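Undergrad: So that we are looking at the same thing, I have put the structure below in structure tokens.
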Amino acid sequence: MRTHNNPFSLPTLYEALERLRLSEETSAGSIPPPPPPPAIFPRASASDAHFIKLFNLMTNEQYVSEFREIISKTTSREHLLKIVSLLTSDSDYFLEIVRNMYGSIHVQKLLGMSDDVDALLYAVILHRLSDIMTDKYASYVAIRAMLVFDTMEKFIMYDHLLYYAPDIARDQYGCIALNVVITDVDDSHYRKLLLDFVSRNALSLSNHPSGNFVLCDSRCTHNIAVSLLGHCVDLSFKKYGSYIVEKLLDAEESMDVVVMELLECDEDRLMRLARNGFGNFVVFKALRVTQEIDRIDLFRCLVQKLMPLRHLLVKSHGSNIAKLLESYSITLQDTETRRV
């Protein structure tokens with residue numbers, strides 16, 4: 001039986017695409033249905049003195065030392081539980097606290113103090129997981145919770161995270177938090193599910209200012225390249241898409257995909273790409289990378305395709321490409337002169 005050593009040969013890529021399609025079909029069943037109706041958290045009264053006092057304690061810098069005393073070992077378990085019960089009695093109130101820098105830090109310190117405390121925090125964090133994961137400070141609470149909670153609670157949080165992942169990945173802060181979770185997750189099954197989500201959604205994420213940040217995980221570069229097969233040139237014309245294509249050029253395992261698409265471009269489209277404010281960086285990097293890693297076959301093919309366009313690139317965004325082509329042309333002429 002014939003084997004394909006090159007992971008990006010056409011037969012191998014078609015096989016990979018088929019595996020990815022089957023993976024989507026099988027994994028679709030593993031994505032949890034919409035979360036069940038959450039527990040009811042009564043809305044706190046803004047005039048309630050207890051809520052106001054606790055809010056100030058949790059969010060104000062001047063009460064940091066007082067908070068430390070409260071959670072010290074000298075504090076009775078019952079007193080601590082009363083504080084956490086009040087803190088988690090209203091999910092909107094809790095969310096407002098963890099969105100504060102000091103509030104987030106203090107809630108993180110409460111996590112893991114006792115099973116009773118964790119049970120209360122788990123319920124409210126799970127209830128507002130999407131809102132928490134997409135906030136600059138609150139997201140640290142969810143990340144910490146996934147490290148502290150017991151296996152069953154942790155897995156339920158992962159299931160909810162997968163359900164909300166499309167929205168979280170496209171959020172300014174959510175994409176950062178999602179990357180941290182993927183790095184820290186200690187279960188291989190859920191890590192694979194999260195990386196599969198990234199790969200399957202590579203095309204839509206690559207066009208998003210925050211979503212493309214999630215695509216930088218080197219553990220799924222091959223699957224991302226497979227998902228973007230046939231779209232690399234289109235993405236290269238766009239700000240965020242071009243960034244992902246450049247990342248693919250950084251990895252030898254996916255570089256072939258980008259270069260082959262460039263070589264398959266018709267002359268007019270390649271010229272427009274090379275003159276484009278974002279695309280020129282992709283074309284230049286493709287030339288530089290193939291030359292540096294000694295893929296002379298691909299480098300020469302690119303040069304041959306671009307050389308007739310050199311005069312059109314000089315006074316454009318593609319001037320960097322024109323200079324590289326000029327330098328290569330001079331080197332080639334010198335080499336031929338020495339041979340003569």
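Chains: A, B, ... in order of the structure tokens. Residues: from 1 per chain. Ligands: from 1, in order shown.
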Need to verify the contact set: A:Ala123, 12 Å, only C-alpha atoms, exclusion of same-chain residues closer than 2 positions in sequence. Can you return it as a PyMOL selection string?
TA: chain A and resi 38-41+84-85+87-91+94+116-121+125-129+142+145+149+153-154+156-157
Undergrad: Which neighbours of A:His106 fall inside 9 Å, counting only C-alpha atoms, when residues of the same chain fewer than 2 positions from it are skipped, and could you give them as a PyMOL selection string?
TA: chain A and resi 58-59+64+67-68+98+101-104+108-110
Undergrad: Limited to N, CA and C atoms, could you put the picked residues into a file as a compact mmCIF listing (two decimals), in the first residue's frame?
TA:
```txt
# COMPACT_ATOMS: atom_id res chain seq x y z
N MET A 58 -15.36 43.66 49.68
CA MET A 58 -14.80 42.83 48.61
C MET A 58 -14.12 43.65 47.52
N THR A 59 -14.55 44.87 47.30
CA THR A 59 -14.09 45.61 46.11
C THR A 59 -13.22 46.83 46.40
N VAL A 64 -8.61 45.62 52.20
CA VAL A 64 -7.86 44.40 51.88
C VAL A 64 -7.41 43.68 53.14
N PHE A 67 -10.28 42.04 54.96
CA PHE A 67 -10.72 40.82 54.29
C PHE A 67 -9.79 39.66 54.67
N ARG A 68 -8.50 39.91 54.72
CA ARG A 68 -7.54 38.87 55.08
C ARG A 68 -7.82 38.33 56.48
N VAL A 98 -17.07 40.31 41.13
CA VAL A 98 -15.91 39.66 40.49
C VAL A 98 -15.43 40.43 39.26
N MET A 101 -11.38 44.37 40.20
CA MET A 101 -10.07 43.73 40.36
C MET A 101 -9.91 43.12 41.75
N TYR A 102 -10.22 43.89 42.80
CA TYR A 102 -10.07 43.38 44.17
C TYR A 102 -11.12 42.31 44.46
N GLY A 103 -12.32 42.50 43.92
CA GLY A 103 -13.36 41.49 44.11
C GLY A 103 -12.94 40.15 43.52
N SER A 104 -12.35 40.18 42.33
CA SER A 104 -11.87 38.96 41.68
C SER A 104 -10.79 38.29 42.51
N GLN A 108 -11.16 34.60 44.42
CA GLN A 108 -10.18 33.55 44.14
C GLN A 108 -9.60 32.97 45.41
N LYS A 109 -9.40 33.83 46.42
CA LYS A 109 -8.86 33.37 47.71
C LYS A 109 -9.88 32.51 48.46
N LEU A 110 -11.17 32.75 48.23
CA LEU A 110 -12.21 31.97 48.90
C LEU A 110 -12.31 30.55 48.31
```
Undergrad: Would you kindly return, as a PyMOL selection string, each protein, DNA or RNA residue with an atom no farther than 7 Å from any atom of A:Gly174, considering only C-alpha atoms and excluding same-chain residues fewer than 3 positions away?
TA: chain A and resi 133-135+168-171+177-178
Undergrad: Please provide the set of residues having any atom within 12 Å of A:Phe278, restricted to only C-alpha atoms, with same-chain residues fewer than 6 positions apart removed, written as a PyMOL selection string.
TA: chain A and resi 233-246+272+284-285+316-318
Undergrad: Check stretch 81-243 of chain A with DSSP on the backbone and list each residue it calls alpha helix (DSSP H), as a ChimeraX atom specification.
TA: /A:81-88,91-98,101-110,115-127,129-133,138-148,151-169,174-184,188-200,202-206,211-214,221-227,232-236,239-243
Undergrad: So that I can check the surroundings of A:Leu203, please list as a short mmCIF file (atom, residue, chain, number, x, y, z; two decimals) with C-alpha atoms, in the first residue's frame every protein, DNA and RNA residue that reaches within 8 Å of it, counting only C-alpha atoms and ignoring chain neighbours fewer than 6 positions away.
TA:
```cif
data_model
loop_
_atom_site.label_atom_id
_atom_site.label_comp_id
_atom_site.auth_asym_id
_atom_site.auth_seq_id
_atom_site.Cartn_x
_atom_site.Cartn_y
_atom_site.Cartn_z
CA SER A 227 -9.66 23.70 7.91
CA LEU A 228 -8.27 26.76 6.11
CA HIS A 231 -9.03 30.03 2.07
#
```
Undergrad: Can you pull out the residues contacting stretch 326-329 of chain A? Cut-off 12 Å, using only C-alpha atoms, and skip same-chain residues under 4 positions away; I want them as a ChimeraX atom specification.
TA: /A:287-288,291,299-300,302-304,306-311,313-314,319-322,333-336
Undergrad: Based on the selection just made, write N, CA and C atoms of those residues as an mmCIF file, in the first residue's frame.
TA:
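Produced file again-v2.cif, reproduced below:
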```cif
data_model
loop_
_atom_site.group_PDB
_atom_site.id
_atom_site.type_symbol
_atom_site.label_atom_id
_atom_site.label_comp_id
_atom_site.auth_asym_id
_atom_site.auth_seq_id
_atom_site.Cartn_x
_atom_site.Cartn_y
_atom_site.Cartn_z
ATOM 1 N N LEU A 287 8.247 33.951 0.878
ATOM 2 C CA LEU A 287 9.556 33.959 0.207
ATOM 3 C C LEU A 287 10.692 33.759 1.215
ATOM 4 N N ARG A 288 10.624 34.503 2.302
ATOM 5 C CA ARG A 288 11.706 34.459 3.287
ATOM 6 C C ARG A 288 11.791 33.101 3.973
ATOM 7 N N GLN A 291 13.081 30.282 1.748
ATOM 8 C CA GLN A 291 14.519 30.456 1.520
ATOM 9 C C GLN A 291 15.324 30.058 2.762
ATOM 10 N N PHE A 299 10.773 28.077 -3.049
ATOM 11 C CA PHE A 299 11.270 29.450 -3.157
ATOM 12 C C PHE A 299 11.424 29.854 -4.621
ATOM 13 N N ARG A 300 12.039 29.006 -5.421
ATOM 14 C CA ARG A 300 12.264 29.324 -6.835
ATOM 15 C C ARG A 300 10.946 29.422 -7.597
ATOM 16 N N LEU A 302 8.092 30.428 -6.350
ATOM 17 C CA LEU A 302 7.509 31.713 -5.972
ATOM 18 C C LEU A 302 8.201 32.868 -6.699
ATOM 19 N N VAL A 303 9.524 32.820 -6.727
ATOM 20 C CA VAL A 303 10.290 33.866 -7.412
ATOM 21 C C VAL A 303 9.919 33.919 -8.886
ATOM 22 N N GLN A 304 9.848 32.760 -9.511
ATOM 23 C CA GLN A 304 9.521 32.680 -10.935
ATOM 24 C C GLN A 304 8.133 33.276 -11.211
ATOM 25 N N LEU A 306 6.600 35.542 -9.301
ATOM 26 C CA LEU A 306 6.535 36.952 -8.910
ATOM 27 C C LEU A 306 7.427 37.866 -9.749
ATOM 28 N N MET A 307 8.478 37.313 -10.328
ATOM 29 C CA MET A 307 9.451 38.134 -11.041
ATOM 30 C C MET A 307 8.824 39.011 -12.139
ATOM 31 N N PRO A 308 7.877 38.505 -12.941
ATOM 32 C CA PRO A 308 7.265 39.365 -13.975
ATOM 33 C C PRO A 308 6.450 40.527 -13.401
ATOM 34 N N LEU A 309 6.141 40.452 -12.086
ATOM 35 C CA LEU A 309 5.332 41.490 -11.445
ATOM 36 C C LEU A 309 6.182 42.506 -10.698
ATOM 37 N N ARG A 310 7.494 42.327 -10.734
ATOM 38 C CA ARG A 310 8.385 43.128 -9.898
ATOM 39 C C ARG A 310 8.213 44.628 -10.121
ATOM 40 N N HIS A 311 8.121 45.041 -11.358
ATOM 41 C CA HIS A 311 8.011 46.478 -11.650
ATOM 42 C C HIS A 311 6.708 47.082 -11.126
ATOM 43 N N LEU A 313 5.427 46.283 -8.237
ATOM 44 C CA LEU A 313 5.477 46.241 -6.777
ATOM 45 C C LEU A 313 6.355 47.332 -6.175
ATOM 46 N N VAL A 314 7.214 47.905 -6.994
ATOM 47 C CA VAL A 314 8.221 48.840 -6.493
ATOM 48 C C VAL A 314 7.605 49.995 -5.708
ATOM 49 N N SER A 319 6.771 46.804 -2.013
ATOM 50 C CA SER A 319 8.152 47.205 -2.292
ATOM 51 C C SER A 319 9.163 46.296 -1.599
ATOM 52 N N ASN A 320 8.783 45.761 -0.430
ATOM 53 C CA ASN A 320 9.680 44.827 0.260
ATOM 54 C C ASN A 320 9.902 43.557 -0.562
ATOM 55 N N ILE A 321 8.847 43.122 -1.251
ATOM 56 C CA ILE A 321 8.948 41.937 -2.115
ATOM 57 C C ILE A 321 9.818 42.253 -3.328
ATOM 58 N N ALA A 322 9.625 43.438 -3.895
ATOM 59 C CA ALA A 322 10.413 43.856 -5.057
ATOM 60 C C ALA A 322 11.903 43.888 -4.720
ATOM 61 N N GLN A 333 22.639 36.474 -11.106
ATOM 62 C CA GLN A 333 23.476 36.955 -12.211
ATOM 63 C C GLN A 333 24.958 36.815 -11.869
ATOM 64 N N ASP A 334 25.327 37.132 -10.613
ATOM 65 C CA ASP A 334 26.720 37.004 -10.175
ATOM 66 C C ASP A 334 27.177 35.542 -10.253
ATOM 67 N N THR A 335 26.294 34.656 -9.854
ATOM 68 C CA THR A 335 26.623 33.228 -9.877
ATOM 69 C C THR A 335 26.856 32.750 -11.304
ATOM 70 N N GLU A 336 25.978 33.176 -12.230
ATOM 71 C CA GLU A 336 26.132 32.774 -13.620
ATOM 72 C C GLU A 336 27.394 33.365 -14.243
#
```
Undergrad: By how many Å are atom CA of A:Val283 and atom CA of A:Ala225 apart?
TA: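 Atom CA of A:Ala225 lies 17.0 Å from atom CA of A:Val283.
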